[in-house]
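**Q** Could you have a look at this structure, given as structure tokens, before my questions?
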Amino acid sequence: MAHVKARDDANADVPFDVEGGSMIERFLFSHRKSIVFICAMITALLGWQALNIRLNASYENMIPTDHPYIQNYFSNKSSLAQEYQGNVVRIVVENTKGSIFDPDYIEVLKQLNDATFLTEGIDRQFMKSVWTPGTRWSEVTENGFASGPVMPDTYDGSPASLQELQGNILRANIVGQLVANDFRSTIILAPLLDKDSQTGQPLDYGKLSERLENLRAKFEKDGIRIHITGFAKVVGDLIDGLLQMLLFFAGAIVIATVLMYWYTRCLRSTFLVVACSLIAVVWQLGLLPLGGYILDPYSILVPFLVFAIGMSHGAQKMNGVMQDIGRGMPKLHAARQTFRRLFVAGFTALMCDAVGFAVLLMIQIRVIQDLAIMASIGVAILTFTNLILLPVLLSYTGVDAAAARRSLRDETAVLSGNGEKNAVWRFLDLFTRRNWATVAIAVSAVLAVGGWYESHKLQIGDLDPGAPELRPDSRYNQDNAYLISKYNMSSDVLVAMVKTTPGTCAAYDSLLRMDSMEAALRKVPGVTGTTSLASMSRRMLIALNEGNLKWFDLTPNQLTLNQMTSMVPVDLVGRNCEQTPVAISLADHKAATLERVVATVESFRAQDTPNSKLMLAAGNGGIEAATNIVVKETSRTMLLWVYGAVILLCFITFRSWQAVVCAVVPLIVTSVLGEALMVHLGIGVKVATLPVIALGVGIGVDYALYVLSIVLVALRAGMSLSTAYYQALLFTGKVVMLTGFTLALGVATWAFSPIKFQADMGVMLAFMFLWNMLGALVLLPALAYFLLPRHRRAESTGQLKRAVHGA
């Protein structure tokens, strides 16, 4: 074989085998111009395609469609009132200067009601307010039943018509539902369509939120205050905050770039590392519209995660090329040498990342599955842009000569006997010795046990009222707090359904079970009220008996029950009197609240008969409860699959169970501590946090593999663990430290974001970056002391250098 010898700073010959390396290496570096040209064309094409990407959300994509609760919901959806189907906007119109019985207020309410009716995306057929004709009152008089619209047909703003309106509201029993308990506000209930009626495309929540804000700006004036709640408004506010989120993303990228340049003092290599990571993001964003995918507010972090992973791998490639050029190698040989040394470790790490995200596919929620596909595509692209394109580009540009010499300063001085290890390297080297290794493992074990104990408090779902993705003092959460404080029905409703044979929904036994369940539910913390055919039948029985409260009960007379059923709102009966809902209003949709309510309803399912079956669940609370159950059932399984894949890939790479333990144990400690941190921060496991949990494993593997691969090569060459670890620190370890601190500092700035979701994820990511870095630099060598074979110290500097830097 032909060899090329390059002189390094220590005056030792470092041979490079030009004809060596894998077939992939030889092919790639023989076609460098073609690779650069193809990548440039792909970048231009996908960059143009990325302009077509849409930011939106889909309510149904958030639903676990295979869960029994959701299947029950879909099978009975057509007979459920729109307000019980979850995707509803509530517009609360408040009179800050008095009661609603004010002609000026009623006029503003009418205008807003009409404007809302004409707003694109509103399901007009099922809209409700005191101004809609479907909102009616009924009563029993000496002449029989009488009824009419809540808003009098003869309303003219006079005191007499206002008094009539007040009487109608009281007779309609909508206080606490459409009218506030203190009579200072009313609700316009606006169910939403799934698709835009004009274009047939999925409803654009960003545009809908903008329309609602325009209504707010138009009608919110002196004495009138508008409060808006609902899933669509949460998504809209997140989309509105996108610019602020992107500014923080850009800030993190700038910080990473500045610190990378501070470390390298080489502008061209810094630019290439950042550029290749951004190219991967461009490719990812360009492929999404081609595959019919959209970015939603919960997957907006994925492009940055891809960038972060790319920076980690790119910095390793750049550092390897820089060191080899510092030893005197030509830039082409240095790029090939780095590719040869680090491709396997980098490819394995990226496969671990990809598998970590791909495992999210097992969670049967469309938005999570789409996120998993997006992230896996991004990681797969990094295999090309950062493991192949970056070394090829560096083979053309090389690095600054002074920067290359600077990168070898510490190593050259120590190996020549003219210097000492710096303080940080000396400290880290302590963990390759028995006493310090024992302390490191003991401390890690204590932290892991403590974190494991604390992680048992980790909850599934939201832990805060309103929209936890937004700050507590955000306009949305203030609006939601107002709604909860003034109404019996909040924006969170869980609906149970009683399915009977056609025409028997008012059977006495069925109503009695509903009535008992309502009584039990009203005692559950977090339940603000219930509505069902049973409770309505109680009120109707009073009406049939001249308002005598002694009749507030369910009569066992079936003919009477059937008569009352014919007079209750159709929303409580359903089609053919075969399905009736039990609407449970909740103070919030916290995980604990939903669990208590679901457990209470489930306890009554034991009373099911062939003719009457109790089913869950509809309403936004029921859908979220089902989502929480799916996440809870699969999140642990997902994590086990992630670790199983990581262990398998590490074993294939290292062929040593001891090396696998050294790589994986630090990841486990970080995962456990990360869950404990989530408990401390009040963050639940849900759609938004699952990718970060998966990323924690992936980034940790990146760090561990780059350090461990050098340690193993050096140990097999006969070096002591201390020498092998020192070589790993000089070659890949310092880049692990650089990327760990750089990325952690960048995302830590997100804590100041006005979007709480981004702030929480910033804290979580910063923790993951730092603790995975510490695990790779502290716990890994400590475990290696007890697990990896110990060899004698390398006999010569040349042997040491050939082992680590040679072919």
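We label chains A, B, ... in the order they appear in the structure tokens, count residues from 1 in each chain, and number ligands from 1 in the order shown.
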For Tyr105 of chain A, please output as number ranges by chain all residues within 9 Å (counting only C-alpha atoms; exclusion window: fewer than 5 positions along the same chain).
**A** A: 93-95, 99-100, 110, 223-224
**Q** Please identify all polymer residues within 12 Å of segment 61-68 of chain A, counting only C-alpha atoms, omitting same-chain residues fewer than 5 positions from it, and present them as a CSV table (one decimal) with all heavy atoms, in the first residue's frame.
**A**
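File produced: out27.csv:
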chain,number,residue,atom,x,y,z
A,56,ASN,N,-49.4,25.4,11.2
A,56,ASN,CA,-50.8,25.3,11.6
A,56,ASN,C,-50.9,24.1,12.6
A,56,ASN,O,-49.9,23.6,13.0
A,56,ASN,CB,-51.6,25.0,10.3
A,56,ASN,CG,-53.1,25.3,10.5
A,56,ASN,OD1,-53.5,25.9,11.5
A,56,ASN,ND2,-53.9,24.9,9.6
A,73,TYR,N,-66.1,8.3,21.0
A,73,TYR,CA,-66.5,9.7,20.6
A,73,TYR,C,-66.8,9.7,19.1
A,73,TYR,O,-67.8,10.3,18.7
A,73,TYR,CB,-65.3,10.6,20.9
A,73,TYR,CG,-65.3,11.9,20.2
A,73,TYR,CD1,-66.2,12.8,20.5
A,73,TYR,CD2,-64.3,12.2,19.3
A,73,TYR,CE1,-66.2,14.1,19.8
A,73,TYR,CE2,-64.3,13.4,18.6
A,73,TYR,CZ,-65.3,14.4,18.9
A,73,TYR,OH,-65.2,15.6,18.3
A,74,PHE,N,-66.0,9.1,18.2
A,74,PHE,CA,-66.3,9.2,16.8
A,74,PHE,C,-67.6,8.5,16.4
A,74,PHE,O,-68.3,9.0,15.6
A,74,PHE,CB,-65.1,8.6,16.0
A,74,PHE,CG,-63.9,9.5,15.9
A,74,PHE,CD1,-62.7,9.1,16.1
A,74,PHE,CD2,-64.1,10.8,15.5
A,74,PHE,CE1,-61.6,9.9,16.0
A,74,PHE,CE2,-63.0,11.7,15.4
A,74,PHE,CZ,-61.8,11.2,15.6
A,75,SER,N,-67.9,7.4,17.1
A,75,SER,CA,-69.1,6.6,16.7
A,75,SER,C,-70.4,7.3,17.2
A,75,SER,O,-71.4,7.1,16.6
A,75,SER,CB,-69.0,5.2,17.4
A,75,SER,OG,-69.0,5.3,18.8
A,85,GLN,N,-68.1,18.5,21.5
A,85,GLN,CA,-67.1,17.9,20.7
A,85,GLN,C,-65.7,18.4,20.8
A,85,GLN,O,-64.8,18.0,20.1
A,85,GLN,CB,-67.6,18.0,19.2
A,85,GLN,CG,-68.9,17.2,19.0
A,85,GLN,CD,-69.3,17.2,17.5
A,85,GLN,OE1,-68.4,17.3,16.6
A,85,GLN,NE2,-70.5,16.9,17.2
A,86,GLY,N,-65.5,19.3,21.7
A,86,GLY,CA,-64.1,19.7,22.1
A,86,GLY,C,-63.6,21.0,21.4
A,86,GLY,O,-63.0,21.8,22.1
A,87,ASN,N,-63.8,21.1,20.1
A,87,ASN,CA,-63.1,22.2,19.4
A,87,ASN,C,-64.1,23.4,19.3
A,87,ASN,O,-64.8,23.6,18.3
A,87,ASN,CB,-62.7,21.7,18.0
A,87,ASN,CG,-61.7,22.7,17.4
A,87,ASN,OD1,-61.1,23.5,18.1
A,87,ASN,ND2,-61.3,22.5,16.1
A,194,ASP,N,-64.1,21.7,10.8
A,194,ASP,CA,-62.8,21.1,10.6
A,194,ASP,C,-62.0,21.6,9.4
A,194,ASP,O,-60.8,21.7,9.4
A,194,ASP,CB,-62.9,19.5,10.4
A,194,ASP,CG,-63.5,18.9,11.6
A,194,ASP,OD1,-63.2,19.3,12.8
A,194,ASP,OD2,-64.2,17.9,11.5
A,202,PRO,N,-57.7,22.2,5.5
A,202,PRO,CA,-57.9,22.2,7.0
A,202,PRO,C,-57.9,23.7,7.5
A,202,PRO,O,-57.3,24.6,7.0
A,202,PRO,CB,-56.6,21.5,7.5
A,202,PRO,CG,-56.3,20.6,6.4
A,202,PRO,CD,-56.6,21.4,5.1
A,231,PHE,N,-59.2,25.8,22.2
A,231,PHE,CA,-58.0,25.2,21.5
A,231,PHE,C,-57.4,26.1,20.4
A,231,PHE,O,-56.2,26.4,20.3
A,231,PHE,CB,-58.3,23.8,21.0
A,231,PHE,CG,-57.2,23.2,20.2
A,231,PHE,CD1,-56.1,22.7,20.7
A,231,PHE,CD2,-57.3,23.2,18.8
A,231,PHE,CE1,-55.1,22.1,19.9
A,231,PHE,CE2,-56.4,22.7,18.0
A,231,PHE,CZ,-55.2,22.1,18.5
A,235,VAL,N,-53.6,27.7,20.1
A,235,VAL,CA,-52.7,27.5,18.9
A,235,VAL,C,-52.4,28.8,18.2
A,235,VAL,O,-51.3,29.1,17.8
A,235,VAL,CB,-53.4,26.5,17.9
A,235,VAL,CG1,-52.6,26.4,16.6
A,235,VAL,CG2,-53.5,25.2,18.6
A,293,TYR,N,-46.5,17.4,5.0
A,293,TYR,CA,-46.4,17.7,6.4
A,293,TYR,C,-46.5,19.2,6.7
A,293,TYR,O,-46.1,20.0,5.8
A,293,TYR,CB,-45.2,17.1,7.1
A,293,TYR,CG,-45.1,15.6,7.1
A,293,TYR,CD1,-44.4,14.9,6.1
A,293,TYR,CD2,-45.8,14.9,8.1
A,293,TYR,CE1,-44.4,13.5,6.1
A,293,TYR,CE2,-45.8,13.5,8.1
A,293,TYR,CZ,-45.1,12.9,7.1
A,293,TYR,OH,-45.0,11.5,7.1
A,294,ILE,N,-47.0,19.6,7.9
A,294,ILE,CA,-46.9,21.0,8.3
A,294,ILE,C,-46.2,21.0,9.6
A,294,ILE,O,-46.0,20.0,10.3
A,294,ILE,CB,-48.4,21.5,8.5
A,294,ILE,CG1,-49.1,20.7,9.6
A,294,ILE,CG2,-49.1,21.5,7.2
A,294,ILE,CD1,-50.4,21.4,10.0
A,296,ASP,N,-46.4,22.3,13.3
A,296,ASP,CA,-47.3,22.9,14.3
A,296,ASP,C,-46.5,23.4,15.5
A,296,ASP,O,-45.3,23.2,15.6
A,296,ASP,CB,-48.3,21.8,14.8
A,296,ASP,CG,-47.6,20.6,15.5
A,296,ASP,OD1,-47.0,20.8,16.5
A,296,ASP,OD2,-47.7,19.5,15.0
A,297,PRO,N,-47.2,24.2,16.4
A,297,PRO,CA,-46.4,24.8,17.5
A,297,PRO,C,-45.7,23.9,18.4
A,297,PRO,O,-44.8,24.2,19.0
A,297,PRO,CB,-47.5,25.6,18.2
A,297,PRO,CG,-48.6,25.9,17.2
A,297,PRO,CD,-48.6,24.7,16.3
A,298,TYR,N,-46.1,22.6,18.4
A,298,TYR,CA,-45.5,21.6,19.2
A,298,TYR,C,-44.3,20.9,18.6
A,298,TYR,O,-43.5,20.3,19.3
A,298,TYR,CB,-46.6,20.6,19.7
A,298,TYR,CG,-47.7,21.2,20.3
A,298,TYR,CD1,-48.9,21.4,19.6
A,298,TYR,CD2,-47.7,21.6,21.7
A,298,TYR,CE1,-50.0,22.0,20.3
A,298,TYR,CE2,-48.8,22.1,22.3
A,298,TYR,CZ,-49.9,22.4,21.6
A,298,TYR,OH,-51.0,23.0,22.2
A,362,MET,N,-44.6,4.7,17.9
A,362,MET,CA,-45.4,3.7,18.6
A,362,MET,C,-46.6,4.4,19.4
A,362,MET,O,-47.5,3.7,19.8
A,362,MET,CB,-44.6,2.8,19.5
A,362,MET,CG,-44.0,3.5,20.7
A,362,MET,SD,-42.8,2.5,21.6
A,362,MET,CE,-43.9,1.1,22.0
A,363,ILE,N,-46.5,5.7,19.6
A,363,ILE,CA,-47.5,6.4,20.3
A,363,ILE,C,-48.6,6.8,19.2
A,363,ILE,O,-48.3,7.6,18.3
A,363,ILE,CB,-47.0,7.6,21.0
A,363,ILE,CG1,-45.9,7.2,22.0
A,363,ILE,CG2,-48.1,8.4,21.7
A,363,ILE,CD1,-45.3,8.3,22.8
A,364,GLN,N,-49.8,6.2,19.4
A,364,GLN,CA,-50.8,6.4,18.3
A,364,GLN,C,-51.5,7.7,18.4
A,364,GLN,O,-52.7,7.8,18.6
A,364,GLN,CB,-51.8,5.2,18.4
A,364,GLN,CG,-51.2,3.9,18.2
A,364,GLN,CD,-50.6,3.7,16.8
A,364,GLN,OE1,-51.2,4.1,15.8
A,364,GLN,NE2,-49.3,3.3,16.7
A,365,ILE,N,-50.7,8.8,18.3
A,365,ILE,CA,-51.2,10.1,18.2
A,365,ILE,C,-50.6,10.8,17.0
A,365,ILE,O,-49.4,10.9,16.9
A,365,ILE,CB,-51.0,10.9,19.5
A,365,ILE,CG1,-51.6,10.3,20.7
A,365,ILE,CG2,-51.5,12.4,19.3
A,365,ILE,CD1,-51.2,10.9,22.0
A,366,ARG,N,-51.4,11.2,16.1
A,366,ARG,CA,-50.9,11.7,14.8
A,366,ARG,C,-49.8,12.8,14.9
A,366,ARG,O,-48.8,12.7,14.2
A,366,ARG,CB,-52.0,12.2,13.9
A,366,ARG,CG,-51.6,12.7,12.5
A,366,ARG,CD,-51.0,11.7,11.6
A,366,ARG,NE,-50.6,12.3,10.4
A,366,ARG,CZ,-51.3,12.5,9.3
A,366,ARG,NH1,-52.6,12.2,9.3
A,366,ARG,NH2,-50.8,13.1,8.2
A,367,VAL,N,-50.0,13.7,15.8
A,367,VAL,CA,-49.1,14.8,15.9
A,367,VAL,C,-47.7,14.3,16.4
A,367,VAL,O,-46.7,14.8,16.0
A,367,VAL,CB,-49.7,16.0,16.8
A,367,VAL,CG1,-49.7,15.5,18.3
A,367,VAL,CG2,-48.8,17.2,16.7
A,368,ILE,N,-47.7,13.4,17.3
A,368,ILE,CA,-46.5,12.8,17.8
A,368,ILE,C,-45.8,12.0,16.7
A,368,ILE,O,-44.6,12.0,16.5
A,368,ILE,CB,-46.7,11.9,19.0
A,368,ILE,CG1,-47.2,12.8,20.2
A,368,ILE,CG2,-45.4,11.2,19.4
A,368,ILE,CD1,-47.4,12.1,21.5
A,369,GLN,N,-46.6,11.2,15.9
A,369,GLN,CA,-46.0,10.4,14.8
A,369,GLN,C,-45.4,11.3,13.7
A,369,GLN,O,-44.4,11.0,13.2
A,369,GLN,CB,-47.1,9.5,14.3
A,369,GLN,CG,-47.6,8.4,15.2
A,369,GLN,CD,-48.7,7.6,14.7
A,369,GLN,OE1,-49.5,8.0,13.9
A,369,GLN,NE2,-48.7,6.3,15.1
A,370,ASP,N,-46.1,12.4,13.4
A,370,ASP,CA,-45.6,13.4,12.4
A,370,ASP,C,-44.3,14.0,12.9
A,370,ASP,O,-43.3,14.1,12.2
A,370,ASP,CB,-46.6,14.5,12.2
A,370,ASP,CG,-47.8,14.0,11.3
A,370,ASP,OD1,-47.7,12.8,10.8
A,370,ASP,OD2,-48.7,14.7,11.2
A,371,LEU,N,-44.3,14.3,14.2
A,371,LEU,CA,-43.0,14.9,14.8
A,371,LEU,C,-41.9,13.9,14.7
A,371,LEU,O,-40.8,14.2,14.4
A,371,LEU,CB,-43.3,15.2,16.3
A,371,LEU,CG,-42.2,15.9,17.1
A,371,LEU,CD1,-42.9,16.9,18.1
A,371,LEU,CD2,-41.4,14.9,17.8
A,615,MET,N,-70.2,5.1,28.5
A,615,MET,CA,-69.0,5.2,27.6
A,615,MET,C,-68.3,6.5,27.9
A,615,MET,O,-68.9,7.5,28.1
A,615,MET,CB,-69.3,5.0,26.2
A,615,MET,CG,-70.0,3.7,25.8
A,615,MET,SD,-70.4,3.7,24.0
A,615,MET,CE,-71.4,5.1,23.8
A,616,LEU,N,-67.0,6.5,27.8
A,616,LEU,CA,-66.1,7.7,27.7
A,616,LEU,C,-65.5,7.7,26.4
A,616,LEU,O,-65.2,6.7,25.7
A,616,LEU,CB,-65.1,7.6,28.8
A,616,LEU,CG,-65.5,7.8,30.3
A,616,LEU,CD1,-64.4,7.4,31.2
A,616,LEU,CD2,-65.9,9.3,30.5
A,617,ALA,N,-65.2,8.9,25.8
A,617,ALA,CA,-65.4,10.2,26.4
A,617,ALA,C,-65.4,11.2,25.2
A,617,ALA,O,-64.8,11.0,24.2
A,617,ALA,CB,-64.3,10.6,27.4
A,618,ALA,N,-66.1,12.3,25.4
A,618,ALA,CA,-66.1,13.4,24.5
A,618,ALA,C,-65.8,14.7,25.2
A,618,ALA,O,-65.4,14.7,26.4
A,618,ALA,CB,-67.5,13.5,23.8
A,619,GLY,N,-65.9,15.8,24.5
A,619,GLY,CA,-65.4,17.1,25.1
A,619,GLY,C,-63.9,17.2,25.1
A,619,GLY,O,-63.2,16.2,25.0
A,620,ASN,N,-63.4,18.4,25.2
A,620,ASN,CA,-62.0,18.5,25.1
A,620,ASN,C,-61.3,17.9,26.3
A,620,ASN,O,-60.2,17.3,26.3
A,620,ASN,CB,-61.6,20.0,25.1
A,620,ASN,CG,-61.9,20.8,26.4
A,620,ASN,OD1,-63.0,20.6,26.9
A,620,ASN,ND2,-61.0,21.6,26.8
A,621,GLY,N,-62.0,17.8,27.5
A,621,GLY,CA,-61.4,17.2,28.7
A,621,GLY,C,-61.4,15.7,28.5
A,621,GLY,O,-60.4,15.0,28.8
A,622,GLY,N,-62.4,15.1,27.8
A,622,GLY,CA,-62.4,13.6,27.6
A,622,GLY,C,-61.3,13.3,26.6
A,622,GLY,O,-60.6,12.2,26.7
A,623,ILE,N,-61.1,14.1,25.6
A,623,ILE,CA,-60.1,13.8,24.6
A,623,ILE,C,-58.7,13.9,25.2
A,623,ILE,O,-57.8,13.1,24.9
A,623,ILE,CB,-60.3,14.8,23.4
A,623,ILE,CG1,-61.5,14.4,22.6
A,623,ILE,CG2,-59.1,14.7,22.4
A,623,ILE,CD1,-62.0,15.4,21.5
A,624,GLU,N,-58.5,14.9,26.0
A,624,GLU,CA,-57.2,15.0,26.7
A,624,GLU,C,-57.0,13.9,27.7
A,624,GLU,O,-55.8,13.5,27.8
A,624,GLU,CB,-57.1,16.4,27.4
A,624,GLU,CG,-55.7,16.6,28.0
A,624,GLU,CD,-55.4,18.1,28.0
A,624,GLU,OE1,-56.1,18.9,27.5
A,624,GLU,OE2,-54.3,18.4,28.6
A,625,ALA,N,-58.0,13.4,28.3
A,625,ALA,CA,-57.9,12.3,29.2
A,625,ALA,C,-57.4,11.1,28.5
A,625,ALA,O,-56.5,10.3,28.9
A,625,ALA,CB,-59.2,12.0,30.0
A,626,ALA,N,-58.0,10.8,27.3
A,626,ALA,CA,-57.6,9.7,26.5
A,626,ALA,C,-56.1,9.9,26.0
A,626,ALA,O,-55.3,8.9,26.0
A,626,ALA,CB,-58.5,9.6,25.3
A,627,THR,N,-55.8,11.1,25.7
A,627,THR,CA,-54.4,11.4,25.2
A,627,THR,C,-53.4,11.1,26.4
A,627,THR,O,-52.4,10.5,26.2
A,627,THR,CB,-54.3,12.9,24.8
A,627,THR,OG1,-55.2,13.1,23.8
A,627,THR,CG2,-52.8,13.1,24.3
A,628,ASN,N,-53.8,11.5,27.6
A,628,ASN,CA,-52.9,11.3,28.7
A,628,ASN,C,-52.7,9.8,29.0
A,628,ASN,O,-51.6,9.3,29.3
A,628,ASN,CB,-53.5,11.9,30.0
A,628,ASN,CG,-53.4,13.4,29.9
A,628,ASN,OD1,-52.7,14.0,29.1
A,628,ASN,ND2,-54.0,14.1,30.9
A,629,ILE,N,-53.8,9.0,28.8
A,629,ILE,CA,-53.7,7.6,29.0
A,629,ILE,C,-52.8,6.9,28.0
A,629,ILE,O,-52.0,6.1,28.4
A,629,ILE,CB,-55.1,7.0,29.0
A,629,ILE,CG1,-56.0,7.4,30.1
A,629,ILE,CG2,-55.1,5.4,28.9
A,629,ILE,CD1,-57.5,7.0,30.0
A,630,VAL,N,-52.9,7.3,26.8
A,630,VAL,CA,-52.1,6.8,25.7
A,630,VAL,C,-50.6,7.1,26.0
A,630,VAL,O,-49.7,6.3,25.9
A,630,VAL,CB,-52.5,7.3,24.3
A,630,VAL,CG1,-51.5,6.9,23.3
A,630,VAL,CG2,-53.9,6.7,24.0
A,631,VAL,N,-50.3,8.4,26.3
A,631,VAL,CA,-49.0,8.8,26.6
A,631,VAL,C,-48.4,8.0,27.8
A,631,VAL,O,-47.3,7.6,27.8
A,631,VAL,CB,-48.9,10.3,26.9
A,631,VAL,CG1,-47.5,10.7,27.4
A,631,VAL,CG2,-49.2,11.1,25.6
A,633,GLU,N,-49.3,5.0,28.9
A,633,GLU,CA,-49.1,3.6,28.6
A,633,GLU,C,-47.9,3.4,27.8
A,633,GLU,O,-47.3,2.3,27.8
A,633,GLU,CB,-50.4,3.1,28.0
A,633,GLU,CG,-51.6,3.0,28.9
A,633,GLU,CD,-52.8,2.5,28.2
A,633,GLU,OE1,-52.8,2.5,26.9
A,633,GLU,OE2,-53.8,2.2,28.8
A,634,THR,N,-47.6,4.3,26.9
A,634,THR,CA,-46.5,4.1,26.0
A,634,THR,C,-45.2,4.8,26.2
A,634,THR,O,-44.2,4.4,25.6
A,634,THR,CB,-47.0,4.5,24.5
A,634,THR,OG1,-47.5,5.9,24.6
A,634,THR,CG2,-48.1,3.6,24.1
A,686,LYS,N,-46.0,15.0,28.1
A,686,LYS,CA,-47.1,15.2,27.1
A,686,LYS,C,-46.5,15.3,25.7
A,686,LYS,O,-45.3,15.1,25.5
A,686,LYS,CB,-47.9,16.4,27.4
A,686,LYS,CG,-47.1,17.7,27.6
A,686,LYS,CD,-48.0,18.8,28.1
A,686,LYS,CE,-47.2,20.1,28.3
A,686,LYS,NZ,-48.1,21.2,28.7
A,687,VAL,N,-47.3,15.7,24.7
A,687,VAL,CA,-46.8,15.8,23.4
A,687,VAL,C,-45.6,16.6,23.2
A,687,VAL,O,-44.6,16.3,22.5
A,687,VAL,CB,-48.0,16.3,22.5
A,687,VAL,CG1,-47.5,16.6,21.1
A,687,VAL,CG2,-49.1,15.3,22.4
A,688,ALA,N,-45.6,17.8,23.9
A,688,ALA,CA,-44.5,18.8,23.7
A,688,ALA,C,-43.2,18.3,24.3
A,688,ALA,O,-42.1,18.7,23.9
A,688,ALA,CB,-44.9,20.1,24.3
**Q** Based on DSSP run over this structure's backbone, return all residues of segment 574-762 of chain A in helix (DSSP H, G or I), as a PyMOL selection string.
**A** chain A and resi 575-577+591-603+605-607+619-654+657-681+690-716+721-752+756-762
**Q** Could you tell me which of A:Leu189, A:Val598, A:Leu681, A:Leu745 comes closest to Thr257 of chain A if we count only C-alpha atoms?
**A**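 Nearest candidate to Thr257 of chain A out of A:Leu189, A:Val598, A:Leu681, A:Leu745: A:Leu745.
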**Q** Give the answer as one residue: which of A:Leu243, A:Leu788, A:Leu774, A:Ala280 has the shortest atom-to-atom distance to Ala714 of chain A, using only C-alpha atoms?
**A**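 So, comparing all the options, the nearest one is A:Leu788.
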**Q** Choose the residue, out of A:Arg605, A:Arg184, A:Arg211, A:Lys317, that has the smallest atom-to-atom separation from Met517 of chain A; count only C-alpha atoms.
**A** A:Arg605
**Q** Which one of A:Trp283, A:Tyr396, A:Phe304, A:Trp436 sits closest to Val36 of chain A if you count only C-alpha atoms?
**A** A:Tyr396
**Q** Using only C-alpha atoms, find the one residue out of A:Val306, A:Val281, A:Leu361, A:Met678 that sits nearest to Leu463 of chain A.
**A** A:Met678
**Q** Which neighbours of Val439 of chain A fall inside 10 Å, counting only C-alpha atoms, when residues of the same chain fewer than 5 positions from it are skipped, and could you give them as a count of residues only?
**A** 6
**Q** Extract the full set of strand (DSSP E) residues from segment 418-612 of chain A according to DSSP on the backbone, and format it as number ranges by chain.
**A** A: 492-500, 527-531, 579-586, 612
**Q** Using the selection just defined, write its residues with C-alpha atoms as an mmCIF file, in the first residue's frame.
**A**
data_model
loop_
_atom_site.group_PDB
_atom_site.id
_atom_site.type_symbol
_atom_site.label_atom_id
_atom_site.label_comp_id
_atom_site.auth_asym_id
_atom_site.auth_seq_id
_atom_site.Cartn_x
_atom_site.Cartn_y
_atom_site.Cartn_z
ATOM 1 C CA ASP A 492 -62.832 22.376 29.938
ATOM 2 C CA VAL A 493 -65.653 19.856 29.590
ATOM 3 C CA LEU A 494 -65.522 16.073 29.842
ATOM 4 C CA VAL A 495 -68.520 14.213 28.451
ATOM 5 C CA ALA A 496 -69.583 10.686 29.355
ATOM 6 C CA MET A 497 -72.208 9.027 27.155
ATOM 7 C CA VAL A 498 -74.961 6.609 28.093
ATOM 8 C CA LYS A 499 -75.834 4.361 25.165
ATOM 9 C CA THR A 500 -79.231 2.645 25.259
ATOM 10 C CA VAL A 527 -65.641 19.512 39.007
ATOM 11 C CA THR A 528 -67.633 22.747 38.824
ATOM 12 C CA GLY A 529 -70.950 21.319 37.650
ATOM 13 C CA THR A 530 -72.735 18.590 35.693
ATOM 14 C CA THR A 531 -75.589 18.471 33.207
ATOM 15 C CA GLN A 579 -77.544 8.203 23.405
ATOM 16 C CA THR A 580 -77.541 10.868 26.082
ATOM 17 C CA PRO A 581 -74.493 12.831 27.290
ATOM 18 C CA VAL A 582 -73.426 13.617 30.830
ATOM 19 C CA ALA A 583 -71.486 16.903 30.567
ATOM 20 C CA ILE A 584 -68.969 17.459 33.371
ATOM 21 C CA SER A 585 -67.625 21.000 33.653
ATOM 22 C CA LEU A 586 -64.069 21.170 35.013
ATOM 23 C CA SER A 612 -77.620 0.632 28.935
#
**Q** So how many Å separate atom CA of Arg341 of chain A and atom CA of Met41 of chain A, to one decimal?
**A**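 Atom CA of Met41 of chain A lies at a distance of 28.8 Å from atom CA of Arg341 of chain A.
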**Q** Could you pull the residues within 7 Å of Leu770 of chain A, counting only C-alpha atoms, minus those fewer than 4 positions along the same chain, as a list in words?
**A**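 Skipping anything fewer than 4 positions along the chain leaves Gly740, Phe741, Ala744, Ala766 and Leu774 of chain A.
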**Q** Once you have the residues from the selection above, write them out as an mmCIF file, in the first residue's frame, restricted to N, CA, C and O atoms.
**A**
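Output (part_3.cif):
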data_model
loop_
_atom_site.group_PDB
_atom_site.id
_atom_site.type_symbol
_atom_site.label_atom_id
_atom_site.label_comp_id
_atom_site.auth_asym_id
_atom_site.auth_seq_id
_atom_site.Cartn_x
_atom_site.Cartn_y
_atom_site.Cartn_z
ATOM 1 N N GLY A 740 -21.283 20.955 24.650
ATOM 2 C CA GLY A 740 -22.170 20.876 25.805
ATOM 3 C C GLY A 740 -22.449 22.240 26.397
ATOM 4 O O GLY A 740 -23.607 22.639 26.589
ATOM 5 N N PHE A 741 -21.377 22.996 26.669
ATOM 6 C CA PHE A 741 -21.540 24.338 27.247
ATOM 7 C C PHE A 741 -22.178 25.308 26.245
ATOM 8 O O PHE A 741 -23.042 26.117 26.603
ATOM 9 N N ALA A 744 -25.904 24.457 25.728
ATOM 10 C CA ALA A 744 -26.625 24.705 26.978
ATOM 11 C C ALA A 744 -26.807 26.203 27.203
ATOM 12 O O ALA A 744 -27.893 26.658 27.597
ATOM 13 N N ALA A 766 -31.090 22.604 28.245
ATOM 14 C CA ALA A 766 -29.832 23.014 28.879
ATOM 15 C C ALA A 766 -29.382 21.966 29.889
ATOM 16 O O ALA A 766 -28.192 21.624 29.968
ATOM 17 N N LEU A 774 -21.342 15.991 31.332
ATOM 18 C CA LEU A 774 -20.678 15.554 32.568
ATOM 19 C C LEU A 774 -20.627 14.037 32.653
ATOM 20 O O LEU A 774 -19.639 13.460 33.125
#
